[in-house]
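J.: This is the structure I want to talk about, given as structure tokens.
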Amino acid sequence: MRESLEKGKLFAALILFLPLLYLCWQVGACEMANIELNDDLRDIAAQVGTKIGLDPIREDAQLRAMVVRRAEDYDIPLQPEQVSVERSGAGDQEVVRLSVDYRARVHLLAYSFTLHFTPASGPR
């Protein structure tokens with residue numbers, strides 16, 4: 001009798017734990033993709049090749065396209081209009097700041113919700 005009660009408790013704990021684990025996995029995947037995109041925004045905005053004279057200065061449209069391509073690597077659907085490019089300074093002293101505003105939909109078995117992300121390459 002006692003053994004079946006312990007099995008029942010274990011089964012109930014699994015029934016409660018598995019959906020929580022699934023929720024954490026779904027939200028965690030969105031958070032990790034956002035962190036990776038944020039790192040990529042910093043890399044793109046740094047334009048290291050431009051600063052040392054290897055690459056020409058990139059236009060805003062080129063930077064937006066680069067961000068959209070990187071977002072696709074993380075299954076983040078972005079449109080170029082969702083990418084903001086801000087420039088300050090001139091020449092080799094130019095600083096580029098990239099920011100993105102997007103929402104990610106988390107689908108659970110019977111419920112779904114939206115997470116809002118605003119990664120940026122530098123301070124606001």
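By convention here, the chains of the structure tokens are called A, B, ... in the order presented, each chain's residues are numbered starting at 1, and ligands are numbered starting at 1 in the order presented.
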Counting only C-alpha atoms, what is within 7 Å of Val85 of chain A, bar same-chain residues fewer than 5 positions away, as a tab-separated table (two decimals) with N, CA and C atoms, in the first residue's frame?
T.:
chain	number	residue	atom	x	y	z
A	60	ASP	N	22.98	52.50	-44.05
A	60	ASP	CA	21.98	52.03	-43.08
A	60	ASP	C	21.26	50.78	-43.59
A	96	VAL	N	28.22	53.80	-34.44
A	96	VAL	CA	26.93	53.31	-34.93
A	96	VAL	C	26.25	52.57	-33.80
A	97	ARG	N	24.99	52.87	-33.60
A	97	ARG	CA	24.18	52.18	-32.59
A	97	ARG	C	23.02	51.50	-33.30
A	98	LEU	N	22.90	50.21	-33.10
A	98	LEU	CA	21.80	49.43	-33.70
A	98	LEU	C	20.85	49.00	-32.59
A	99	SER	N	19.58	49.06	-32.87
A	99	SER	CA	18.58	48.55	-31.93
A	99	SER	C	17.46	47.88	-32.70
J.: To test your reading of the structure, identify every residue in chain A that backbone DSSP assigns to alpha helix (DSSP H), and report it as a VMD selection string.
T.: chain A and resid 2 to 46 48 to 51 60 to 73
J.: Keeping C-alpha atoms, export the residues of the selection given above as a PDB file, in the first residue's frame.
T.:
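Saved result, selection_14.pdb, follows:
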ATOM      1  CA  ARG A   2       2.739   2.395   1.001  1.00  0.00           C
ATOM      2  CA  GLU A   3       4.695   1.637  -2.177  1.00  0.00           C
ATOM      3  CA  SER A   4       1.718   2.503  -4.406  1.00  0.00           C
ATOM      4  CA  LEU A   5       1.248   5.775  -2.484  1.00  0.00           C
ATOM      5  CA  GLU A   6       4.882   6.699  -3.138  1.00  0.00           C
ATOM      6  CA  LYS A   7       4.483   5.866  -6.838  1.00  0.00           C
ATOM      7  CA  GLY A   8       1.384   8.049  -6.922  1.00  0.00           C
ATOM      8  CA  LYS A   9       3.278  10.969  -5.392  1.00  0.00           C
ATOM      9  CA  LEU A  10       6.092  10.502  -7.889  1.00  0.00           C
ATOM     10  CA  PHE A  11       3.616  10.408 -10.767  1.00  0.00           C
ATOM     11  CA  ALA A  12       1.868  13.562  -9.503  1.00  0.00           C
ATOM     12  CA  ALA A  13       5.208  15.349  -9.152  1.00  0.00           C
ATOM     13  CA  LEU A  14       6.096  14.421 -12.728  1.00  0.00           C
ATOM     14  CA  ILE A  15       2.715  15.625 -13.981  1.00  0.00           C
ATOM     15  CA  LEU A  16       3.385  19.006 -12.343  1.00  0.00           C
ATOM     16  CA  PHE A  17       7.088  19.213 -13.182  1.00  0.00           C
ATOM     17  CA  LEU A  18       7.007  18.347 -16.900  1.00  0.00           C
ATOM     18  CA  PRO A  19       4.774  21.273 -18.003  1.00  0.00           C
ATOM     19  CA  LEU A  20       6.912  23.640 -15.946  1.00  0.00           C
ATOM     20  CA  LEU A  21      10.040  22.269 -17.600  1.00  0.00           C
ATOM     21  CA  TYR A  22       8.426  22.691 -21.039  1.00  0.00           C
ATOM     22  CA  LEU A  23       7.507  26.318 -20.232  1.00  0.00           C
ATOM     23  CA  CYS A  24      11.046  27.081 -19.061  1.00  0.00           C
ATOM     24  CA  TRP A  25      12.468  25.490 -22.196  1.00  0.00           C
ATOM     25  CA  GLN A  26      10.268  27.578 -24.506  1.00  0.00           C
ATOM     26  CA  VAL A  27      10.925  30.872 -22.717  1.00  0.00           C
ATOM     27  CA  GLY A  28      14.610  30.053 -22.295  1.00  0.00           C
ATOM     28  CA  ALA A  29      14.998  29.425 -26.023  1.00  0.00           C
ATOM     29  CA  CYS A  30      13.555  32.878 -26.771  1.00  0.00           C
ATOM     30  CA  GLU A  31      15.801  34.511 -24.164  1.00  0.00           C
ATOM     31  CA  MET A  32      18.919  32.776 -25.507  1.00  0.00           C
ATOM     32  CA  ALA A  33      18.100  33.836 -29.074  1.00  0.00           C
ATOM     33  CA  ASN A  34      17.713  37.418 -27.842  1.00  0.00           C
ATOM     34  CA  ILE A  35      21.087  37.294 -26.055  1.00  0.00           C
ATOM     35  CA  GLU A  36      22.776  35.939 -29.185  1.00  0.00           C
ATOM     36  CA  LEU A  37      21.161  38.626 -31.353  1.00  0.00           C
ATOM     37  CA  ASN A  38      22.273  41.295 -28.880  1.00  0.00           C
ATOM     38  CA  ASP A  39      25.883  40.067 -29.165  1.00  0.00           C
ATOM     39  CA  ASP A  40      25.620  40.127 -32.952  1.00  0.00           C
ATOM     40  CA  LEU A  41      24.275  43.691 -32.876  1.00  0.00           C
ATOM     41  CA  ARG A  42      27.391  44.765 -30.970  1.00  0.00           C
ATOM     42  CA  ASP A  43      29.639  42.995 -33.485  1.00  0.00           C
ATOM     43  CA  ILE A  44      27.892  44.538 -36.489  1.00  0.00           C
ATOM     44  CA  ALA A  45      27.843  48.030 -34.957  1.00  0.00           C
ATOM     45  CA  ALA A  46      31.556  47.887 -34.123  1.00  0.00           C
ATOM     46  CA  VAL A  48      36.002  46.880 -37.048  1.00  0.00           C
ATOM     47  CA  GLY A  49      36.980  46.577 -40.717  1.00  0.00           C
ATOM     48  CA  THR A  50      35.755  50.108 -41.352  1.00  0.00           C
ATOM     49  CA  LYS A  51      37.704  51.569 -38.429  1.00  0.00           C
ATOM     50  CA  ASP A  60      21.977  52.025 -43.084  1.00  0.00           C
ATOM     51  CA  ALA A  61      20.198  49.622 -45.444  1.00  0.00           C
ATOM     52  CA  GLN A  62      23.235  47.311 -45.492  1.00  0.00           C
ATOM     53  CA  LEU A  63      23.393  47.293 -41.697  1.00  0.00           C
ATOM     54  CA  ARG A  64      19.671  46.535 -41.464  1.00  0.00           C
ATOM     55  CA  ALA A  65      20.040  43.661 -43.923  1.00  0.00           C
ATOM     56  CA  MET A  66      22.942  42.241 -41.904  1.00  0.00           C
ATOM     57  CA  VAL A  67      20.875  42.352 -38.713  1.00  0.00           C
ATOM     58  CA  VAL A  68      17.884  40.679 -40.404  1.00  0.00           C
ATOM     59  CA  ARG A  69      20.151  37.880 -41.717  1.00  0.00           C
ATOM     60  CA  ARG A  70      21.672  37.313 -38.270  1.00  0.00           C
ATOM     61  CA  ALA A  71      18.194  37.246 -36.691  1.00  0.00           C
ATOM     62  CA  GLU A  72      17.162  34.538 -39.153  1.00  0.00           C
ATOM     63  CA  ASP A  73      19.998  32.374 -37.775  1.00  0.00           C
TER      64      ASP A  73
END
J.: Between atom CA of Tyr102 of chain A and atom CA of Thr114 of chain A, what is the distance in Å, rounded to a tenth?
T.: 10.0 Å
J.: Can you tell me how far atom CA of Ser88 of chain A sits from atom CA of His116 of chain A, in Å to one decimal?
T.: 27.2 Å
J.: Leaving out Arg105 of chain A and any residue of its chain fewer than 5 positions from it, which residues lie within 8 Å of it when counting only C-alpha atoms, given as a list in words?
T.: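 The neighbour list is Ser112, Phe113, Thr114 and Leu115 of chain A.
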J.: If you measure from atom CA of Arg87 of chain A to atom CA of Arg103 of chain A, what distance in Å do you get, rounded to one decimal?
T.: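 Interatomic distance, atom CA of Arg87 of chain A to atom CA of Arg103 of chain A: 24.8 Å.
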